[in-house]
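This report concerns only the one structure given below.
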Amino acid sequence: MPPKRKAADVGRSSSASKRATPSLDYAEVSSSDEYSDPDDGPVDNNLKDVVNKFSLEAYSKRTQSQKTDPRFGYKDLSYLTLKRDHYNRPLWIEPVKGTITLESFSPLAPQAQDFLTTIAEPLSRPTHLHEYRLTGHSLYAAVSVGLKPEDIVEFLDRLSKTPLPESISQFIIEFTKSYGKIKMVLYHNRYYVETVEPEMLQMLLKDEVIGPQRISNGEGIIQRAAPKMGALVIPGTKDAAGVRETGGQTKASARSQTENQGERQDYGINDVGDEASEALTYSFEIPATGVEIVKARCQAIGCPALEEYDFQGDTINPNLDMDLKPTARIRPYQEMSLSKMFGNGRAKSGIIVLPCGAGKTLVGITAAATIKKGTIVLCTSSMSVVQWRNEFLRWTTIDPGDIAIFTSDHKEKFKRSTGIIVSTYSMVSQTRARSYDAQKMMDWLQSREWGMMILDEVHVVPASMFRKVTSAIAAQTKLGLTATLLREDDKIKDLNFLIGPKLYEANWMELAAQGHIAKVQCAEVWCPMTTEFYSEYLRASSRKQALLYIMNPRKFQACQYLIDFHEKRGDKIIVFSDNVYALEKYARKLNKAFIYGGTGQNERLRILENFQHNEQVNTIFLSKIGDTSLDLPEATCLIQISSHYGSRRQEAQRLGRILRAKRRNDEGFNAFFYSLVSKDTSEMTYSSKRQAFLVDQGYAFKVITHLEGINEYEGLHYSTPSERRELLTEVMLQNESSADVEEVTDDLFSMRSGGRNAAAKRAKAKRSAATLSGLAGGDDMAYIEYNKSRNKQLKDKGAQHPLFKKMERDRLRRKKERETAKNQ
Amino acid sequence: MTSPRTSLFPERQRLQVSQVTTMAASTSRPLEYLESLPGMTFNKLYQQPSTALAIFRRMLPDLAKCFVMALLYLKDPLPTQDLELWVKAESKKQRDNALSILGRLHILSKTLTADNVSAYMVTNPFASSLRKALMGSEDSQSFGVFSQVPGGHPVSITDLDEYARRQWEGVLGYMVGTSALSGQRDVNLSKGVKQLLQAGHLVEIRDRRVDITKDGFGFVLQDVNTQVWNILILYVESAEAIGMDSVEVLSFLFLLSSLELGQSYEKKYLSSVQLRTLADLADFGIVYQESPEATRFYPTRLATTLTSDSSALGSTVGSSLTGPAGQPGASGTGSGFIVIETNYRLYAYTSSPLQISLISLFTTLKYRFPNLVTGKVTRQSVRRAIDMGITADQIISYLHTHAHPQLRKHNAGHSTSNTSGIPPSVLPPTVTDQIRLWQLERDRLRATAGFLFKDFTTLQEYQAPCQYAAEIGVLVWKSDRKRMFFVTRHEQVAAFLRSKK
């Protein structure tokens, strides 16, 4: 079942015009499936100030100057004293930037790791020593899952080999003081500003902006017992199984749930939960119209309000009858990520980061099944919409009538009072002319209050798009899902404020070791440029250079050899090329099927089906449309021949294509990821930059300078100088635009393919010189199709013209009649 | 479908080679030196039973020891064919190797038996000295004399190790110039040591500043045992220049290597040359004496492991010299302190300024904690090192010698699942390959020394010698158009040209 889950592009409107122009300076090059938004202006500047405020470095600069050794260039921290039993403790903490180094072989490491993923951003997690960084955002996330600053400080100090530097503890205290203290609670559909500290509340009430917003109804400051995990059970976990077994005895299981929570975080943080259960919260009410104003003000005074949703206490929004199927079991890391989200019995907004293929969809579904309120799911393409709907039906007991789709083709509403709606970002954020029924649908969406909004693949969408989406639709909780929270332009930080903090980030290597995702051998294959190509390369313009290094005959040979090698091993291979010209050239020469933006919908489906089920089709070529939206568990080998400059995310997403490999749990199974790079070209620089993210996740890229056995391999293309010269001439004749990366205006399965794209293509004419007699056939020229596309050969074999079918039917009928006549 | 284990990754073959070379390096250096000595020197050297025993024990492969022991007490030479019968045909290679080493060290010689059959026998000064050493019948002080004087407090082994470490690091620190910078307690190096380093071209003095040379960089990255041998060989070589008998010095070194660690020895039985050597060696930390006037001396671990086989010294000297202070639990298991990850980050458990400055030669350092230094091996940092004359193999062998026990453990764990039979490498193969590739990036031009022939007046005149040069295999390059060609050796070509005229 090839239909795809995720797709890259949403904002067609803005992306086409703002695409990054290829240039050698990759600092300026951003991945083109990221949106650069024209109206990012003033709001962002405001946000930038806030963002800047939240880094430890900025904080430390004010407090101390750093010492750098003039000779070796390291920061000298040897003045820190070691604790006497330091060898039992796993952490070093660097006071200036908050870099934390963790010994992963220490006995305390598992707990420390768990703790650090909560409070800090993972920088690198290879085998032995991991690095994390303490940032304002990570602390924000930590506090929002219920950690107290004193506990963070104490526990860090306990794990650290050196006494915790003063600057760190100050930073933690100072920053968490303002974080998470104020909560914005939607309670009985009224908005309250809530805090556990009366002084804080007083401070807010005296504030010139917030004060007047308060609704004075004589109630004054309301005191309420703080919530705890209570009887909340995340479905699909062990506890949930317990609930089913014990029938209605939810109370007992609720207790076990809280106990379980305690075990899970037994590093002393969980005392928080117990203490908090006795604590009181103080709150005052504000009108719905004041919510935005208060939130903005809170951010400005440096104590952003947390949004929490007490969905169990919500009696206004109707409950949705939905539960995970009894057979559905979620994996430990999925449970862990959800427990961060539902830490205190309320739902928190935030982002969950899991590698491709590790089951992000199921996390989203389980969250929805936990909240059991109206849910809106936004994804990147119309095909993902269908996919999400199917997954909901597959994992949960939801009535198909309660789940609706809102795309340009389908505009459904659910039948009953509440339900789930699945749509795309572009459908919701579009501000230009809408069709009548789309507008009506939109009005309906906006008029409702939603329990949760799930935002799929959050990394591809720019901040302004989120701002539009989140302001248009009122949702209690927002859950962002992604595999690679990375943008070359660093705009990712804005998401902290627009959606929420990063709640959980999985460790790729750990998941691979546990068999949840496939183990991958990564290799970078260096292909020397042939002399003729290299001398052209040195002379060419930078765009043409790209074409030359992609079309390098040695690279072609390497590709051919690798495909053959892996097909013989029984692997299914995907070859990626960003460049469409190269894609087509390679695929035709090697007689393989290929898919790019211009391939029609039916052809795509047919090719993918063949790839999955036909033993004759073991290799497909994909352009960048296949980067994200593809779910092919059959694929076990990936070859990359051209890519988008230095995009770390593309590399990670492409790797994600083979992480789901069906055979991943076979003993000794390895998936293979090859990146073919032309030696001594700018590709080398990009390549090392691209790998940075994966390398920090612990993947090792082996450099292969020579493919063993390639010299003995028979039938290698372009092995003679004349063939290579021919290819070079052909490449040199190409327009510069051939070197461009494909303009993806749709995802792999969008219905719009062919339309605008094909029209643009037709406009380009190809001109070449020839004699008139030659064209007329006088030069012994005849038409033979040498380089036939494999795509065409994959057509259904049995297809016959209806006329012949009719004749055949008639013939059979007559025969039968004759026979019956004879028998009679 | 073929087995899923077949893989294109030529996993660790290359690394294997380097491991072997590093292992062998520590013993091959003295061996090489000895081989280069003239036969007369051996004659003198083998007069000393201690030398004969030390060479026998520590420098010979096992098979060679067998041969020596078998032949030692034979009256008559053993016919070659008889000896060859002892070894199975498939081990011919080891036999030839053993015999060749014995021959090169002048231990075994070929003679003729009475009935004119070629035969082997152990050469004489060696045979008699070894017999003496084995039977203990000698009464010269060839194996040193224990100090019997009870006075003074005995020096413990840890103190000796500490002393050896301090002195040796002092020498290395002087070379890389850390001691002045880090403000640590300066180890007082004698003028002799400094001169020796200079004479060996390990350092150069420019404007009164000590500058390390390319050879010096290679030197400091070697493991301790190799370093000690290199220094000692330098010392022996320069001994003649300052009026000492190099053979006597060398045999004294062998004497030292057969002493016992933790014991003190009398000085009064030593000759004047030996006393002088002793004083110089104390500067390096190879021996310890309380004061130059003291009547006894202690050999340190540097001395007693001189002729030991490599495996023993890796853990003992290594850990005592370079191991991180503290970590009582961890230091017992192995010597190394460097962890290098697949993402090229390097973590070194050390607080020694010397080690830090060594690491900084090829690493971009980031933070220095009290007992840990973090950094990253980058293309730039490796290229910088290579520019200074350090080779990729030196870096890798340094990393390998000092690899943290965790790295060894981790890879040992993997080896059980590795059925291919190749022992796993300690360092991540991607990193070692990459370091080599970074070096290769620079090695694109190869210089060939040679001679250019040009200015031929006619084509024929050019063609004949050019063809001749190609035939005798000295032609490197030619240009018919310019009538020039380039050869590695000119004599024959010149003779050819002359004969034509």
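Following the order of the structure tokens, chains are lettered A, B, ..., residues in each are numbered from 1, and ligands are numbered from 1.
The environment of segment 348-353 of chain A within 7 Å, counting only C-alpha atoms and disregarding residues fewer than 2 places along the same chain, consists of Glu307, Glu308, Tyr309, Ser337, Met341, Phe342, Arg346, Pro355, Thr477, Lys478, Leu479, Gly480, Leu481, Thr482, Ala483, Thr484, Ile499, Gly500, Pro501, Lys502, Leu503, Tyr504, Glu505 and Ala506 of chain A.
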Can I get the selected residues back with N, CA and C atoms, as a CSV table (one decimal), in the first residue's frame?
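Below is the file selection-v2.csv, written as the result:
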chain,number,residue,atom,x,y,z
A,307,GLU,N,0.3,26.9,28.4
A,307,GLU,CA,-1.1,26.6,28.2
A,307,GLU,C,-1.3,25.1,28.6
A,308,GLU,N,-2.2,24.9,29.4
A,308,GLU,CA,-2.5,23.5,29.8
A,308,GLU,C,-4.0,23.3,29.6
A,309,TYR,N,-4.4,22.1,29.4
A,309,TYR,CA,-5.8,21.8,29.1
A,309,TYR,C,-6.2,20.7,30.1
A,337,SER,N,7.3,9.7,25.7
A,337,SER,CA,7.0,11.0,25.1
A,337,SER,C,5.6,11.5,25.5
A,341,MET,N,3.9,14.7,27.9
A,341,MET,CA,2.8,15.6,27.5
A,341,MET,C,1.7,15.6,28.5
A,342,PHE,N,1.4,14.5,29.1
A,342,PHE,CA,0.3,14.4,30.1
A,342,PHE,C,0.8,14.3,31.5
A,346,ARG,N,-3.0,17.0,32.9
A,346,ARG,CA,-3.5,17.9,31.9
A,346,ARG,C,-2.7,17.8,30.7
A,355,PRO,N,12.5,9.8,15.3
A,355,PRO,CA,13.1,9.6,13.9
A,355,PRO,C,12.0,9.1,13.0
A,477,THR,N,-4.9,22.4,23.0
A,477,THR,CA,-3.6,21.9,23.1
A,477,THR,C,-3.0,21.8,21.7
A,478,LYS,N,-1.8,22.0,21.5
A,478,LYS,CA,-1.1,21.9,20.2
A,478,LYS,C,0.0,20.9,20.3
A,479,LEU,N,0.0,19.9,19.5
A,479,LEU,CA,1.1,18.9,19.5
A,479,LEU,C,1.8,18.9,18.1
A,480,GLY,N,3.1,19.2,18.2
A,480,GLY,CA,3.8,19.2,16.9
A,480,GLY,C,4.6,17.9,16.8
A,481,LEU,N,4.7,17.3,15.6
A,481,LEU,CA,5.4,16.1,15.4
A,481,LEU,C,6.4,16.3,14.3
A,482,THR,N,7.6,15.8,14.5
A,482,THR,CA,8.7,15.9,13.4
A,482,THR,C,9.8,14.9,13.7
A,483,ALA,N,10.6,14.7,12.7
A,483,ALA,CA,11.8,13.8,12.9
A,483,ALA,C,13.0,14.7,13.0
A,484,THR,N,13.0,15.8,12.3
A,484,THR,CA,14.2,16.6,12.3
A,484,THR,C,13.9,18.0,12.6
A,499,ILE,N,4.2,27.0,19.3
A,499,ILE,CA,3.6,25.7,19.6
A,499,ILE,C,3.8,25.4,21.1
A,500,GLY,N,5.0,25.3,21.4
A,500,GLY,CA,5.3,24.9,22.8
A,500,GLY,C,6.7,24.4,22.8
A,501,PRO,N,7.2,24.0,24.0
A,501,PRO,CA,8.6,23.5,24.1
A,501,PRO,C,8.7,22.1,23.5
A,502,LYS,N,9.9,21.7,23.2
A,502,LYS,CA,10.2,20.3,22.8
A,502,LYS,C,10.0,19.4,24.0
A,503,LEU,N,9.1,18.5,23.9
A,503,LEU,CA,8.8,17.7,25.0
A,503,LEU,C,9.7,16.5,25.1
A,504,TYR,N,10.0,16.0,23.9
A,504,TYR,CA,10.8,14.7,23.9
A,504,TYR,C,11.6,14.6,22.7
A,505,GLU,N,12.8,14.1,22.8
A,505,GLU,CA,13.5,13.8,21.5
A,505,GLU,C,14.2,12.5,21.7
A,506,ALA,N,13.9,11.6,20.8
A,506,ALA,CA,14.4,10.2,20.9
A,506,ALA,C,15.8,10.1,20.5
TODO: List every residue of segment 209-408 of chain B that DSSP, applied to the backbone of this structure, places in strand (DSSP E or B), and write the result as JSON, numbers by chain.
DONE: {"B": [209, 210, 211, 212, 265, 266, 287, 288, 296, 297, 298, 299, 338, 339, 340, 345, 346, 347, 348, 364, 365, 366, 367, 368, 369, 372, 373, 374, 375, 376, 403]}
Select from chain A every residue with an atom at most 6 Å from any atom of chain B, then for each give the shortest pair of atoms and their distance in Å to one decimal, using only C-alpha atoms, rows by chain and rising number, as CSV.
residue,atom,partner,partner_atom,distance
A:Tyr74,CA,B:Lys366,CA,4.4
A:Lys75,CA,B:Tyr367,CA,4.7
A:Asp76,CA,B:Arg368,CA,5.0
A:Leu77,CA,B:Phe369,CA,4.9
A:Ser78,CA,B:Pro370,CA,4.0
A:Tyr87,CA,B:Gln327,CA,5.9
A:Arg569,CA,B:Thr2,CA,5.1
A:Gly570,CA,B:Met1,CA,5.2
A:Val695,CA,B:Asn343,CA,5.2
A:Asp696,CA,B:Asn343,CA,5.8
A:Ala700,CA,B:Thr342,CA,5.5
A:Lys702,CA,B:Thr430,CA,4.9
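In this comparison, which uses only C-alpha atoms, the residue of B:Thr213, B:Ser129, B:Thr226, B:Gln439 approaching Thr401 of chain B most closely is B:Thr226.
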- [ ] Calculate how many Å separate atom CA of Arg657 of chain A from atom CA of Gln697 of chain A, rounding to one decimal.
- [x]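 These atoms are spaced 16.6 Å apart.
Between atom CA of Pro198 of chain A and atom CA of Gly451 of chain A lies a distance of 29.0 Å.
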Find the spatial neighbours of Ile639 of chain A, counting only C-alpha atoms, within a cut-off of 8 Å - ignore same-chain residues fewer than 2 positions away - and output them as a compact mmCIF listing (two decimals) with C-alpha atoms, in the first residue's frame.
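Once written, around.txt looks like this:
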# COMPACT_ATOMS: atom_id res chain seq x y z
CA CYS A 559 25.86 4.03 -9.22
CA ILE A 573 16.98 0.17 -3.93
CA ILE A 574 15.89 3.77 -4.06
CA VAL A 575 18.11 6.19 -5.94
CA PHE A 576 17.65 9.85 -5.10
CA CYS A 637 19.26 0.41 0.18
CA ILE A 641 23.44 10.94 -6.55
CA PHE A 673 22.90 4.41 2.59
CA TYR A 674 25.33 5.56 -0.07
CA SER A 675 26.03 9.11 -0.94
CA LEU A 676 27.93 9.46 -4.21
Open item on the list: Report as JSON, numbers by chain all protein, DNA and RNA residues lying within 12 Å of Val385 of chain A, evaluated on only C-alpha atoms, omitting residues in the same chain fewer than 2 positions from it.
Closed with: {"A": [3, 4, 5, 6, 7, 361, 376, 377, 378, 379, 380, 381, 382, 383, 387, 388, 389, 390, 391, 392, 403, 404, 405, 406, 407, 408, 409, 410, 420, 421, 422, 423, 424, 425, 427, 455, 456, 629, 749, 750]}
Could you take the residues named above and write them with C-alpha atoms, as a PDB file, in the first residue's frame?
ATOM      1  CA  PRO A   3      -0.019   5.815  -0.308  1.00  0.00           C
ATOM      2  CA  LYS A   4       1.997   8.259   1.461  1.00  0.00           C
ATOM      3  CA  ARG A   5       1.842   9.824   4.746  1.00  0.00           C
ATOM      4  CA  LYS A   6       3.761  12.960   4.664  1.00  0.00           C
ATOM      5  CA  ALA A   7       4.585  15.353   2.002  1.00  0.00           C
ATOM      6  CA  THR A 361       1.513   9.010  13.752  1.00  0.00           C
ATOM      7  CA  ILE A 376      -7.914  18.708  14.192  1.00  0.00           C
ATOM      8  CA  VAL A 377      -4.954  17.187  12.362  1.00  0.00           C
ATOM      9  CA  LEU A 378      -2.946  19.309   9.954  1.00  0.00           C
ATOM     10  CA  CYS A 379      -0.500  17.690   7.589  1.00  0.00           C
ATOM     11  CA  THR A 380       1.510  18.704   4.602  1.00  0.00           C
ATOM     12  CA  SER A 381      -0.262  17.070   1.696  1.00  0.00           C
ATOM     13  CA  SER A 382      -3.567  15.723   0.599  1.00  0.00           C
ATOM     14  CA  MET A 383      -2.139  12.240   0.498  1.00  0.00           C
ATOM     15  CA  GLN A 387      -3.035   8.358   5.369  1.00  0.00           C
ATOM     16  CA  TRP A 388      -3.809   9.926   8.730  1.00  0.00           C
ATOM     17  CA  ARG A 389      -7.457   9.058   8.390  1.00  0.00           C
ATOM     18  CA  ASN A 390      -6.605   5.448   7.621  1.00  0.00           C
ATOM     19  CA  GLU A 391      -4.260   5.238  10.559  1.00  0.00           C
ATOM     20  CA  PHE A 392      -6.939   6.566  12.865  1.00  0.00           C
ATOM     21  CA  ILE A 403     -13.612  11.386  11.167  1.00  0.00           C
ATOM     22  CA  ALA A 404     -13.769  13.855   8.326  1.00  0.00           C
ATOM     23  CA  ILE A 405     -11.475  15.209   5.676  1.00  0.00           C
ATOM     24  CA  PHE A 406     -11.100  18.786   4.573  1.00  0.00           C
ATOM     25  CA  THR A 407      -9.115  19.167   1.380  1.00  0.00           C
ATOM     26  CA  SER A 408      -9.722  20.887  -1.902  1.00  0.00           C
ATOM     27  CA  ASP A 409     -11.613  17.829  -3.107  1.00  0.00           C
ATOM     28  CA  HIS A 410     -13.366  16.679   0.015  1.00  0.00           C
ATOM     29  CA  ILE A 420     -11.759  14.454  14.132  1.00  0.00           C
ATOM     30  CA  ILE A 421     -10.982  16.531  11.118  1.00  0.00           C
ATOM     31  CA  VAL A 422      -7.905  16.033   8.966  1.00  0.00           C
ATOM     32  CA  SER A 423      -6.706  18.810   6.704  1.00  0.00           C
ATOM     33  CA  THR A 424      -3.620  20.416   5.225  1.00  0.00           C
ATOM     34  CA  TYR A 425      -1.769  23.528   6.307  1.00  0.00           C
ATOM     35  CA  MET A 427      -6.214  24.658   3.254  1.00  0.00           C
ATOM     36  CA  LEU A 455       0.672  19.538  13.581  1.00  0.00           C
ATOM     37  CA  ASP A 456       2.484  16.992  11.451  1.00  0.00           C
ATOM     38  CA  SER A 629       6.319  11.596   1.784  1.00  0.00           C
ATOM     39  CA  PHE A 749       0.602  12.258  -4.627  1.00  0.00           C
ATOM     40  CA  SER A 750      -0.994  15.572  -5.083  1.00  0.00           C
TER      41      SER A 750
END
- [ ] Go ahead and compute the interatomic distance for atom CA of Gln650 of chain A and atom CA of Thr628 of chain A, in Å to one decimal.
- [x] 8.4 Å
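Between Val153 of chain A and the residues A:Phe115, A:Tyr686, A:Tyr537, A:Tyr713, the shortest atom-to-atom distance, using only C-alpha atoms, involves A:Phe115.
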TODO: Compile the contact shell of Arg276 of chain B as number ranges by chain: residues with an atom at most 12 Å away, counting only C-alpha atoms, same-chain residues fewer than 2 positions apart removed.
DONE: B: 192, 239, 242-245, 248-249, 252, 267, 270-274, 278-283, 292-293
Selected residues written out, C-alpha atoms, as a PDB file, in the first residue's frame:
ATOM      1  CA  GLY B 192      73.606  17.005  28.196  1.00  0.00           C
ATOM      2  CA  ALA B 239      78.896   8.488  23.080  1.00  0.00           C
ATOM      3  CA  ILE B 242      82.325  12.670  24.094  1.00  0.00           C
ATOM      4  CA  GLY B 243      84.991  10.113  24.574  1.00  0.00           C
ATOM      5  CA  MET B 244      83.071   7.101  25.751  1.00  0.00           C
ATOM      6  CA  ASP B 245      83.185   3.626  24.336  1.00  0.00           C
ATOM      7  CA  GLU B 248      80.516  -0.277  26.818  1.00  0.00           C
ATOM      8  CA  VAL B 249      77.571   2.110  27.003  1.00  0.00           C
ATOM      9  CA  PHE B 252      75.572  -1.142  30.241  1.00  0.00           C
ATOM     10  CA  LYS B 267      77.647   1.937  42.322  1.00  0.00           C
ATOM     11  CA  LEU B 270      80.827   0.398  38.030  1.00  0.00           C
ATOM     12  CA  SER B 271      83.500   1.670  35.673  1.00  0.00           C
ATOM     13  CA  SER B 272      83.956   5.370  35.085  1.00  0.00           C
ATOM     14  CA  VAL B 273      82.186   5.210  31.741  1.00  0.00           C
ATOM     15  CA  GLN B 274      79.292   3.419  33.363  1.00  0.00           C
ATOM     16  CA  LEU B 278      74.379   6.503  34.906  1.00  0.00           C
ATOM     17  CA  ALA B 279      74.401  10.205  35.681  1.00  0.00           C
ATOM     18  CA  ASP B 280      73.097  11.012  32.215  1.00  0.00           C
ATOM     19  CA  LEU B 281      70.386   8.409  32.362  1.00  0.00           C
ATOM     20  CA  ALA B 282      69.186   9.777  35.671  1.00  0.00           C
ATOM     21  CA  ASP B 283      68.223  12.950  33.819  1.00  0.00           C
ATOM     22  CA  PRO B 292      74.911  12.288  42.277  1.00  0.00           C
ATOM     23  CA  GLU B 293      77.179  11.330  45.171  1.00  0.00           C
TER      24      GLU B 293
END
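Residues within 7 Å of segment 28-38 of chain B, counting only C-alpha atoms and excluding same-chain residues fewer than 6 positions away, are Arg104, Leu105 and Trp229 of chain B.
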Task: Close residues, segment 604-621 of chain A itself excluded, 7 Å, only C-alpha atoms, min 6 positions apart in chain, as a list in words - done: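 Skipping anything fewer than 6 positions along the chain leaves Pro2, Glu567, Lys572, Ile573, Ile574, Val575, Phe576, Leu583, Ala587, Lys592, Ala593, Phe594, Ile595, Glu634 and Leu794 of chain A.
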- [ ] Using DSSP on the backbone coordinates, identify the residues of segment 67-153 of chain B assigned to alpha helix (DSSP H); present them as number ranges by chain.
- [x] B: 67-72, 80-85, 92-104, 124-135
For the residues in the current selection, export N, CA and C atoms as a short mmCIF file (atom, residue, chain, number, x, y, z; two decimals), in the first residue's frame.
data_model
loop_
_atom_site.label_atom_id
_atom_site.label_comp_id
_atom_site.auth_asym_id
_atom_site.auth_seq_id
_atom_site.Cartn_x
_atom_site.Cartn_y
_atom_site.Cartn_z
N PHE B 67 66.06 -22.66 18.81
CA PHE B 67 67.27 -23.05 18.07
C PHE B 67 68.51 -22.83 18.91
N VAL B 68 68.57 -21.65 19.54
CA VAL B 68 69.76 -21.33 20.32
C VAL B 68 69.93 -22.32 21.45
N MET B 69 68.83 -22.58 22.16
CA MET B 69 68.94 -23.50 23.30
C MET B 69 69.38 -24.90 22.84
N ALA B 70 68.86 -25.31 21.68
CA ALA B 70 69.19 -26.65 21.20
C ALA B 70 70.65 -26.74 20.80
N LEU B 71 71.14 -25.66 20.26
CA LEU B 71 72.51 -25.70 19.74
C LEU B 71 73.56 -25.36 20.79
N LEU B 72 73.10 -24.71 21.87
CA LEU B 72 74.04 -24.09 22.80
C LEU B 72 75.04 -25.10 23.37
N THR B 80 72.86 -28.34 8.52
CA THR B 80 71.73 -27.49 8.15
C THR B 80 70.46 -28.30 7.93
N GLN B 81 70.64 -29.44 7.25
CA GLN B 81 69.45 -30.22 6.92
C GLN B 81 68.78 -30.77 8.17
N ASP B 82 69.55 -31.13 9.16
CA ASP B 82 68.97 -31.63 10.39
C ASP B 82 68.10 -30.57 11.05
N LEU B 83 68.65 -29.37 11.07
CA LEU B 83 67.91 -28.28 11.70
C LEU B 83 66.61 -28.01 10.94
N GLU B 84 66.72 -28.07 9.63
CA GLU B 84 65.52 -27.78 8.85
C GLU B 84 64.44 -28.83 9.07
N LEU B 85 64.85 -30.03 9.43
CA LEU B 85 63.87 -31.08 9.68
C LEU B 85 63.00 -30.78 10.90
N LYS B 92 57.78 -22.79 7.25
CA LYS B 92 59.08 -22.44 6.70
C LYS B 92 59.40 -20.96 6.88
N LYS B 93 58.31 -20.17 6.75
CA LYS B 93 58.51 -18.73 6.81
C LYS B 93 59.05 -18.30 8.17
N GLN B 94 58.44 -18.83 9.23
CA GLN B 94 58.90 -18.48 10.57
C GLN B 94 60.35 -18.95 10.77
N ARG B 95 60.64 -20.14 10.24
CA ARG B 95 62.00 -20.68 10.41
C ARG B 95 63.02 -19.74 9.74
N ASP B 96 62.69 -19.36 8.52
CA ASP B 96 63.63 -18.49 7.81
C ASP B 96 63.80 -17.17 8.52
N ASN B 97 62.70 -16.68 9.04
CA ASN B 97 62.75 -15.41 9.76
C ASN B 97 63.65 -15.54 10.99
N ALA B 98 63.44 -16.62 11.74
CA ALA B 98 64.23 -16.82 12.96
C ALA B 98 65.71 -16.94 12.61
N LEU B 99 65.99 -17.73 11.60
CA LEU B 99 67.38 -17.93 11.22
C LEU B 99 68.01 -16.63 10.74
N SER B 100 67.21 -15.85 10.02
CA SER B 100 67.79 -14.61 9.51
C SER B 100 68.08 -13.63 10.65
N ILE B 101 67.21 -13.57 11.63
CA ILE B 101 67.49 -12.69 12.77
C ILE B 101 68.74 -13.16 13.50
N LEU B 102 68.82 -14.46 13.74
CA LEU B 102 69.99 -15.00 14.44
C LEU B 102 71.27 -14.68 13.67
N GLY B 103 71.16 -14.79 12.36
CA GLY B 103 72.33 -14.50 11.54
C GLY B 103 72.73 -13.04 11.63
N ARG B 104 71.69 -12.17 11.55
CA ARG B 104 71.99 -10.74 11.55
C ARG B 104 72.54 -10.28 12.88
N ASN B 124 80.94 -17.89 19.12
CA ASN B 124 81.53 -18.13 20.42
C ASN B 124 81.33 -17.11 21.53
N PRO B 125 81.68 -15.88 21.38
CA PRO B 125 81.53 -15.09 22.62
C PRO B 125 80.10 -15.16 23.14
N PHE B 126 79.14 -15.27 22.22
CA PHE B 126 77.75 -15.32 22.66
C PHE B 126 77.49 -16.63 23.40
N ALA B 127 77.94 -17.73 22.83
CA ALA B 127 77.65 -19.03 23.43
C ALA B 127 78.24 -19.12 24.84
N SER B 128 79.46 -18.72 24.97
CA SER B 128 80.08 -18.87 26.29
C SER B 128 79.44 -17.93 27.30
N SER B 129 79.12 -16.70 26.87
CA SER B 129 78.51 -15.74 27.79
C SER B 129 77.14 -16.23 28.22
N LEU B 130 76.38 -16.74 27.26
CA LEU B 130 75.04 -17.19 27.60
C LEU B 130 75.11 -18.39 28.54
N ARG B 131 76.07 -19.29 28.26
CA ARG B 131 76.23 -20.43 29.16
C ARG B 131 76.56 -19.96 30.56
N LYS B 132 77.44 -18.98 30.61
CA LYS B 132 77.82 -18.41 31.92
C LYS B 132 76.59 -17.86 32.62
N ALA B 133 75.83 -17.07 31.87
CA ALA B 133 74.67 -16.43 32.47
C ALA B 133 73.67 -17.47 32.95
N LEU B 134 73.49 -18.53 32.19
CA LEU B 134 72.50 -19.53 32.56
C LEU B 134 72.93 -20.35 33.75
N MET B 135 74.24 -20.65 33.79
CA MET B 135 74.69 -21.52 34.85
C MET B 135 75.16 -20.73 36.06
#
